[in-house]
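The data block below is structure13.txt; it holds compact mmCIF, C-alpha atoms and all ligand atoms.
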```txt
# COMPACT_ATOMS: atom_id res chain seq x y z
CA MET Z 1 -4.54 -19.82 8.50
CA LYS Z 2 -4.58 -18.64 4.89
CA ILE Z 3 -4.65 -14.84 4.64
CA LEU Z 4 -5.10 -12.65 1.57
CA TRP Z 5 -3.73 -9.14 2.20
CA ALA Z 6 -4.47 -6.47 -0.40
CA ILE Z 7 -2.49 -3.23 -0.62
CA THR Z 8 -3.80 -0.18 -2.49
CA GLY Z 9 -1.91 2.95 -3.54
CA ALA Z 10 -1.68 4.80 -0.22
CA GLY Z 11 1.55 6.00 1.36
CA HIS Z 12 -0.28 6.64 4.63
CA LEU Z 13 -0.23 3.56 6.95
CA LEU Z 14 1.80 1.62 4.36
CA LYS Z 15 4.88 1.08 6.55
CA GLU Z 16 2.65 0.01 9.46
CA SER Z 17 0.70 -2.39 7.18
CA ILE Z 18 3.87 -4.05 5.93
CA HIS Z 19 5.11 -4.44 9.50
CA VAL Z 20 1.91 -6.33 10.39
CA ILE Z 21 2.10 -8.51 7.24
CA ASP Z 22 5.62 -9.44 8.33
CA GLU Z 23 4.37 -10.36 11.82
CA LEU Z 24 1.49 -12.47 10.48
CA SER Z 25 3.77 -14.26 8.03
CA GLN Z 26 5.62 -15.85 10.98
CA LYS Z 27 2.55 -18.03 11.61
CA HIS Z 28 0.30 -17.83 8.57
CA GLU Z 29 0.26 -18.39 4.82
CA ILE Z 30 0.04 -15.02 3.05
CA THR Z 31 -0.98 -13.96 -0.43
CA ILE Z 32 -0.23 -10.27 -1.08
CA ALA Z 33 -2.37 -8.58 -3.75
CA LEU Z 34 -1.35 -5.17 -5.15
CA SER Z 35 -3.51 -2.70 -7.01
CA ASN Z 36 -1.71 -0.96 -9.89
CA ALA Z 37 -1.26 2.15 -7.76
CA GLY Z 38 -0.37 -0.10 -4.80
CA LEU Z 39 2.54 -1.59 -6.77
CA GLU Z 40 3.81 1.88 -7.77
CA VAL Z 41 3.52 3.34 -4.29
CA VAL Z 42 5.14 0.27 -2.66
CA LYS Z 43 8.10 0.71 -5.04
CA LYS Z 44 8.27 4.48 -4.49
CA TYR Z 45 8.50 4.02 -0.74
CA GLY Z 46 11.06 1.24 -1.18
CA TYR Z 47 9.11 -1.71 0.25
CA MET Z 48 9.09 -4.14 -2.70
CA THR Z 49 12.17 -6.02 -1.48
CA LYS Z 50 10.55 -6.44 1.95
CA LEU Z 51 7.37 -7.86 0.37
CA GLU Z 52 9.49 -10.28 -1.70
CA GLU Z 53 11.30 -11.39 1.46
CA ILE Z 54 7.94 -12.10 3.11
CA ARG Z 55 6.76 -14.04 0.04
CA ASP Z 56 9.91 -16.15 0.09
CA LYS Z 57 9.35 -17.31 3.68
CA LYS Z 58 6.92 -20.05 2.59
CA PRO Z 59 6.42 -21.78 -0.78
CA GLU Z 60 2.64 -21.20 -0.52
CA ASN Z 61 3.05 -17.41 -0.21
CA MET Z 62 2.43 -15.32 -3.32
CA ILE Z 63 2.47 -11.74 -4.60
CA VAL Z 64 -0.26 -11.03 -7.14
CA CYS Z 65 -0.43 -7.76 -9.08
CA ASP Z 66 -3.41 -6.19 -10.79
CA GLU Z 67 -1.31 -5.78 -13.96
CA ASP Z 68 -0.83 -9.59 -14.16
CA GLU Z 69 -4.57 -10.27 -14.10
CA LYS Z 70 -7.09 -10.01 -16.93
CA TYR Z 71 -10.28 -7.97 -16.98
CA SER Z 72 -12.33 -10.62 -15.16
CA TYR Z 73 -9.79 -10.92 -12.30
CA PRO Z 74 -9.37 -14.71 -12.09
CA LEU Z 75 -7.63 -14.46 -8.68
CA SER Z 76 -10.70 -12.94 -7.10
CA GLY Z 77 -12.75 -15.84 -8.49
CA LYS Z 78 -10.38 -18.29 -6.80
CA ILE Z 79 -11.06 -16.69 -3.44
CA THR Z 80 -14.30 -18.52 -2.98
CA HIS Z 81 -12.78 -21.85 -4.10
CA GLU Z 82 -9.41 -21.68 -2.38
CA LYS Z 83 -11.06 -20.67 0.86
CA TYR Z 84 -8.93 -17.94 2.30
CA ASP Z 85 -9.74 -17.73 6.01
CA LEU Z 86 -9.33 -13.97 6.22
CA ILE Z 87 -9.05 -11.06 3.82
CA ILE Z 88 -7.46 -7.73 4.77
CA VAL Z 89 -7.24 -4.52 2.74
CA SER Z 90 -4.65 -2.18 4.25
CA PRO Z 91 -3.89 0.57 3.51
CA THR Z 92 -7.11 1.34 1.63
CA THR Z 93 -7.08 4.52 -0.49
CA ALA Z 94 -9.94 7.00 -0.62
CA ASN Z 95 -10.45 5.80 -4.21
CA THR Z 96 -10.85 2.11 -3.33
CA THR Z 97 -13.00 2.97 -0.30
CA ALA Z 98 -15.34 5.00 -2.52
CA LYS Z 99 -15.60 2.14 -4.99
CA ILE Z 100 -16.31 -0.41 -2.24
CA VAL Z 101 -19.15 1.61 -0.72
CA HIS Z 102 -20.71 1.89 -4.17
CA ALA Z 103 -20.21 -1.86 -4.84
CA ILE Z 104 -17.94 -1.18 -7.81
CA ALA Z 105 -15.66 -4.08 -8.73
CA ASP Z 106 -13.30 -3.03 -11.53
CA THR Z 107 -9.81 -3.58 -10.08
CA LEU Z 108 -8.08 -6.56 -8.49
CA VAL Z 109 -8.68 -5.21 -4.98
CA THR Z 110 -12.32 -4.19 -5.46
CA ASN Z 111 -13.00 -7.61 -7.03
CA ILE Z 112 -11.38 -9.31 -4.04
CA VAL Z 113 -13.67 -7.30 -1.75
CA ALA Z 114 -16.77 -8.22 -3.77
CA GLN Z 115 -15.83 -11.91 -3.88
CA SER Z 116 -15.11 -12.01 -0.16
CA GLY Z 117 -18.72 -10.97 0.43
CA LYS Z 118 -19.96 -13.65 -1.96
CA GLY Z 119 -17.76 -16.27 -0.29
CA ARG Z 120 -18.67 -15.00 3.20
CA ILE Z 121 -15.04 -14.67 4.17
CA PRO Z 122 -14.30 -12.20 6.99
CA LEU Z 123 -12.92 -8.94 5.62
CA LEU Z 124 -10.98 -6.31 7.57
CA ILE Z 125 -10.47 -2.91 5.97
CA VAL Z 126 -8.07 -0.20 7.13
CA PRO Z 127 -9.12 3.02 5.36
CA VAL Z 128 -6.60 5.86 5.28
CA ASP Z 129 -9.08 8.74 5.18
CA GLN Z 130 -10.76 8.32 8.52
CA LYS Z 131 -11.93 11.69 9.85
CA GLU Z 132 -12.43 15.00 8.12
CA GLY Z 133 -9.46 17.25 8.88
CA ILE Z 134 -5.70 17.49 8.57
CA ILE Z 135 -3.24 14.58 8.71
CA THR Z 136 0.56 14.52 8.33
CA THR Z 137 2.22 12.12 5.91
CA LYS Z 138 5.75 11.58 4.54
CA ILE Z 139 6.31 11.95 0.79
CA PRO Z 140 8.87 10.10 -1.40
CA PRO Z 141 12.23 11.81 -2.23
CA TYR Z 142 12.23 14.76 -4.67
CA ILE Z 143 14.62 17.43 -6.03
CA LYS Z 144 14.10 21.14 -5.27
CA LYS Z 145 14.38 22.60 -8.76
CA ASP Z 146 15.58 26.03 -7.62
CA ALA Z 147 18.38 24.52 -5.49
CA CYS Z 148 19.61 21.94 -8.03
CA GLN Z 149 22.81 23.13 -9.79
CA LYS Z 150 22.65 20.30 -12.37
CA CYS Z 151 26.26 19.42 -11.49
CA GLU Z 152 28.18 17.50 -14.13
CA GLU Z 153 29.05 14.92 -11.46
CA CYS Z 154 25.79 14.50 -9.50
CA LYS Z 155 26.80 12.78 -6.23
CA PRO Z 156 23.33 11.40 -5.38
CA GLY Z 157 22.87 10.41 -9.05
CA ASN Z 158 26.13 8.45 -9.05
CA ILE Z 159 25.23 6.61 -5.88
CA CYS Z 160 21.66 5.71 -6.94
CA PRO Z 161 21.52 1.94 -7.64
CA LYS Z 162 18.49 2.38 -9.93
CA LYS Z 163 19.85 5.35 -11.93
CA ALA Z 164 16.62 7.13 -11.02
CA ILE Z 165 18.20 10.56 -10.43
CA ASN Z 166 18.56 12.73 -13.51
CA PRO Z 167 18.92 16.29 -12.15
CA PRO Z 168 16.68 18.17 -11.69
CA ASN Z 169 14.29 15.17 -11.77
CA ILE Z 170 13.85 11.86 -9.99
CA ASN Z 171 12.16 9.09 -11.90
CA THR Z 172 9.74 8.21 -9.12
CA ILE Z 173 8.78 4.92 -10.71
CA GLN Z 174 12.41 3.72 -10.82
CA CYS Z 175 13.24 5.10 -7.35
CA ILE Z 176 13.01 2.38 -4.68
CA ASN Z 177 13.46 4.75 -1.74
CA CYS Z 178 16.64 3.02 -0.56
CA MET Z 179 17.78 6.43 0.76
CA LYS Z 180 21.39 5.90 -0.34
CA CYS Z 181 21.15 9.45 -1.73
CA ARG Z 182 20.23 10.94 1.66
CA ASN Z 183 22.45 13.97 2.52
CA LYS Z 184 24.63 13.38 -0.57
CA CYS Z 185 23.73 16.58 -2.47
CA PRO Z 186 26.18 19.38 -1.54
CA HIS Z 187 23.50 21.95 -2.43
CA ASN Z 188 20.80 20.29 -0.30
CA ALA Z 189 18.60 20.06 -3.37
CA LEU Z 190 17.62 16.43 -2.78
CA ILE Z 191 14.92 16.18 -0.14
CA THR Z 192 14.37 12.74 1.38
CA ASP Z 193 12.35 13.17 4.57
CA LYS Z 194 9.69 15.73 3.82
CA GLU Z 195 6.39 15.55 5.67
CA ILE Z 196 3.32 17.29 4.31
CA GLU Z 197 -0.12 18.07 5.66
CA LEU Z 198 -3.12 16.71 3.80
CA TYR Z 199 -6.73 17.63 4.24
CA ILE Z 200 -9.12 14.68 4.48
CA ARG Z 201 -12.27 15.65 2.60
CA LYS Z 202 -15.73 15.28 4.10
CA ILE Z 203 -16.85 12.98 1.27
CA ASP Z 204 -13.92 10.60 1.88
CA ALA Z 205 -14.57 10.49 5.65
CA GLU Z 206 -18.27 9.82 4.92
CA ASN Z 207 -17.36 6.94 2.61
CA THR Z 208 -15.20 5.45 5.37
CA ALA Z 209 -18.15 5.59 7.78
CA LYS Z 210 -20.32 3.76 5.22
CA LEU Z 211 -17.93 0.77 5.09
CA GLU Z 212 -19.36 -0.51 8.38
CA GLU Z 213 -22.83 -0.69 6.81
CA ILE Z 214 -21.69 -3.38 4.39
CA GLU Z 215 -22.25 -6.92 5.60
CA ASN Z 216 -19.06 -8.90 6.07
CA ILE Z 217 -16.81 -5.82 6.42
CA LYS Z 218 -15.16 -4.73 9.65
CA THR Z 219 -13.36 -1.38 9.70
CA ILE Z 220 -10.06 -1.21 11.60
CA PHE Z 221 -8.36 2.13 12.20
CA HIS Z 222 -4.74 1.05 12.56
CA PRO Z 223 -2.99 -1.97 11.01
CA GLU Z 224 -1.50 -2.98 14.40
CA ASP Z 225 -5.06 -3.48 15.74
CA ILE Z 226 -5.49 -6.37 13.30
CA LEU Z 227 -3.18 -8.44 15.53
CA GLU Z 228 -5.76 -8.17 18.34
CA GLU Z 229 -8.67 -9.44 16.22
CA ASP Z 230 -10.50 -12.55 17.52
CA VAL Z 231 -10.44 -14.12 14.08
CA LEU Z 232 -6.63 -14.44 14.38
CA ASN Z 233 -6.51 -15.75 17.93
C1 LIG E 301 3.40 8.56 -3.38
C2 LIG E 301 1.90 8.47 -3.39
C3 LIG E 301 1.24 8.34 -2.18
C4 LIG E 301 -0.17 8.30 -2.17
N1 LIG E 301 -0.80 8.20 -0.97
C5 LIG E 301 -2.14 8.16 -0.92
C6 LIG E 301 -2.81 8.08 0.34
O1 LIG E 301 -2.18 8.06 1.42
N2 LIG E 301 -4.17 8.00 0.33
C7 LIG E 301 -4.90 7.98 -0.84
O2 LIG E 301 -6.13 7.89 -0.77
N3 LIG E 301 -4.29 8.08 -2.05
C8 LIG E 301 -2.93 8.16 -2.13
N4 LIG E 301 -2.30 8.24 -3.34
C9 LIG E 301 -3.12 8.33 -4.57
C10 LIG E 301 -3.59 6.93 -5.04
O3 LIG E 301 -2.47 6.11 -5.32
C11 LIG E 301 -4.47 7.09 -6.30
O4 LIG E 301 -5.68 7.72 -5.94
C12 LIG E 301 -4.76 5.78 -7.00
O5 LIG E 301 -5.55 6.03 -8.14
C13 LIG E 301 -5.48 4.80 -6.09
O6 LIG E 301 -5.72 3.59 -6.80
P1 LIG E 301 -6.16 2.27 -6.01
O7 LIG E 301 -7.24 2.69 -5.06
O8 LIG E 301 -6.67 1.35 -7.07
O9 LIG E 301 -4.95 1.72 -5.34
C14 LIG E 301 -0.90 8.33 -3.38
C15 LIG E 301 -0.22 8.45 -4.58
C16 LIG E 301 1.17 8.54 -4.58
C17 LIG E 301 1.89 8.69 -5.90
```

Before we go any further, please render this structure as structure tokens.
Amino acid sequence: MKILWAITGAGHLLKESIHVIDELSQKHEITIALSNAGLEVVKKYGYMTKLEEIRDKKPENMIVCDEDEKYSYPLSGKITHEKYDLIIVSPTTANTTAKIVHAIADTLVTNIVAQSGKGRIPLLIVPVDQKEGIITTKIPPYIKKDACQKCEECKPGNICPKKAINPPNINTIQCINCMKCRNKCPHNALITDKEIELYIRKIDAENTAKLEEIENIKTIFHPEDILEEDVLN
């Protein structure tokens, strides 16, 4: 089966999504499409190497980034011709969900969604903002400014393979979340495993509910549930 899996810029359900992509890549051909924010967030959480490993499992596999496409999104046009058997968007940000329910197609991922409808290809969407209320999510590493002593020899900075740590800042675009800096700051200024609470807004939960009204789209609430879908078995 030929699967197109799109990733948008959500940290929530990202690890779980990549785990399922890895599982599916044992049996299926996979193209991974990344929105601009998707690419940044994947790098921030340190999953780019994993995605490249998945791509390298089969010569037909590909990673396609929004930034490599032009304004008319040629890849999304190919969807109808190349006949993907299944399209999955997971995780899907509140932003992309809002665009989908308003039929806006102005990014790689929203164009893929629009074209999947035109090509009548089954589409599974895993939205991150599911129900109004509070969720817990892990954030990428950061430096506590009031604890950082700006040491001349910054231990985490010296160990960072991407030279992303310049006290009291981390360049979050360069950081690949390898966690080599974990517990290396003697002043405990570098925080690597912080969880925060986020409030899911009513409007975002309402947009998620509207996804089901769109022909061709099936909403899935956890990436692992994709493995149980009839279309795959
Ligand atoms: C580290 C990080 C994590 C994020 N996690 C989420 C998230 O879980 N859900 C969400 O809706 N947006 C999240 N965002 C914000 C989106 O990336 C942002 O709204 C972006 O514009 C979405 O673009 P896209 O929908 O084209 O991918 C996150 C941003 C960052 C920097």

Could you please extract the residues within 8 Å of ligand LIG 301 (chain E), counting only C-alpha atoms and all ligand atoms, and hand them back as a PyMOL selection string? chain Z and resi 7-13+34-38+40-41+44-45+91-97+107+109+128-129+137+139-140

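Counting all atoms listed in the file, the residue from Z:Arg120, Z:Lys194, Z:Lys83, Z:Lys184 that sits nearest to Z:Pro141 is Z:Lys194.
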
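Take the candidates Z:Ser76, Z:Asn61, Z:Thr208, Z:Asn188 and check each one against Z:Phe221 using only C-alpha atoms; the shortest distance goes to Z:Thr208.
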
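With all atoms listed in the file as the atoms that count, the residue of Z:Lys27, Z:Glu16, Z:Ile3, Z:Leu124 with the shortest distance to Z:Glu224 is Z:Glu16.
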
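With all atoms listed in the file as the basis for measurement, Z:Ala114 is the residue among Z:Gln174, Z:Cys160, Z:Ala114, Z:Lys144 that approaches Z:Gly77 most closely.
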
Leaving out Z:Ile18 and any residue of its chain fewer than 4 positions from it, which residues lie within 9 Å of it when counting only C-alpha atoms, given as a ChimeraX atom specification? /Z:13-14,22-23,47,50-51,90,223

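Using only C-alpha atoms, the smallest distance between any of Z:Ile87, Z:Thr49, Z:Leu75, Z:Leu24 and Z:Glu228 comes from Z:Leu24.
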
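Between atom CA of Z:Met48 and atom CA of Z:Pro122 there is a distance of 26.6 Å.
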
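Interatomic distance, atom CA of Z:Pro161 against atom CA of Z:Thr136: 29.2 Å.
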
Here atom CA of Z:Tyr73 and atom CA of Z:Gly119 stand apart by 15.4 Å

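Between Z:Lys78 and the residues Z:Ile125, Z:Cys148, Z:Ile112, Z:Ile143, the shortest atom-to-atom distance, using only C-alpha atoms, involves Z:Ile112.
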
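Contact shell of Z:Pro156 at 10 Å (only C-alpha atoms; same-chain neighbours under 3 positions omitted): Glu153, Ile159, Cys160, Pro161, Lys163, Ala164, Ile165, Asn166, Pro167, Met179, Lys180, Cys181, Arg182, Asn183, Lys184, Cys185, Pro186 and Leu190 of chain Z.
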
For Z:Gly133, list every protein, DNA or RNA residue within 8 Å, evaluated using all atoms listed in the file, and leave out those in the same chain fewer than 3 positions away; present the list as a PDB file with C-alpha atoms, in the coordinates of the input.
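And here is the file that came out, result13.pdb:
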```pdb
ATOM      1  CA  TYR Z 199      -6.730  17.630   4.240  1.00  0.00           C
ATOM      2  CA  ILE Z 200      -9.120  14.680   4.480  1.00  0.00           C
ATOM      3  CA  ARG Z 201     -12.270  15.650   2.600  1.00  0.00           C
TER       4      ARG Z 201
END
```
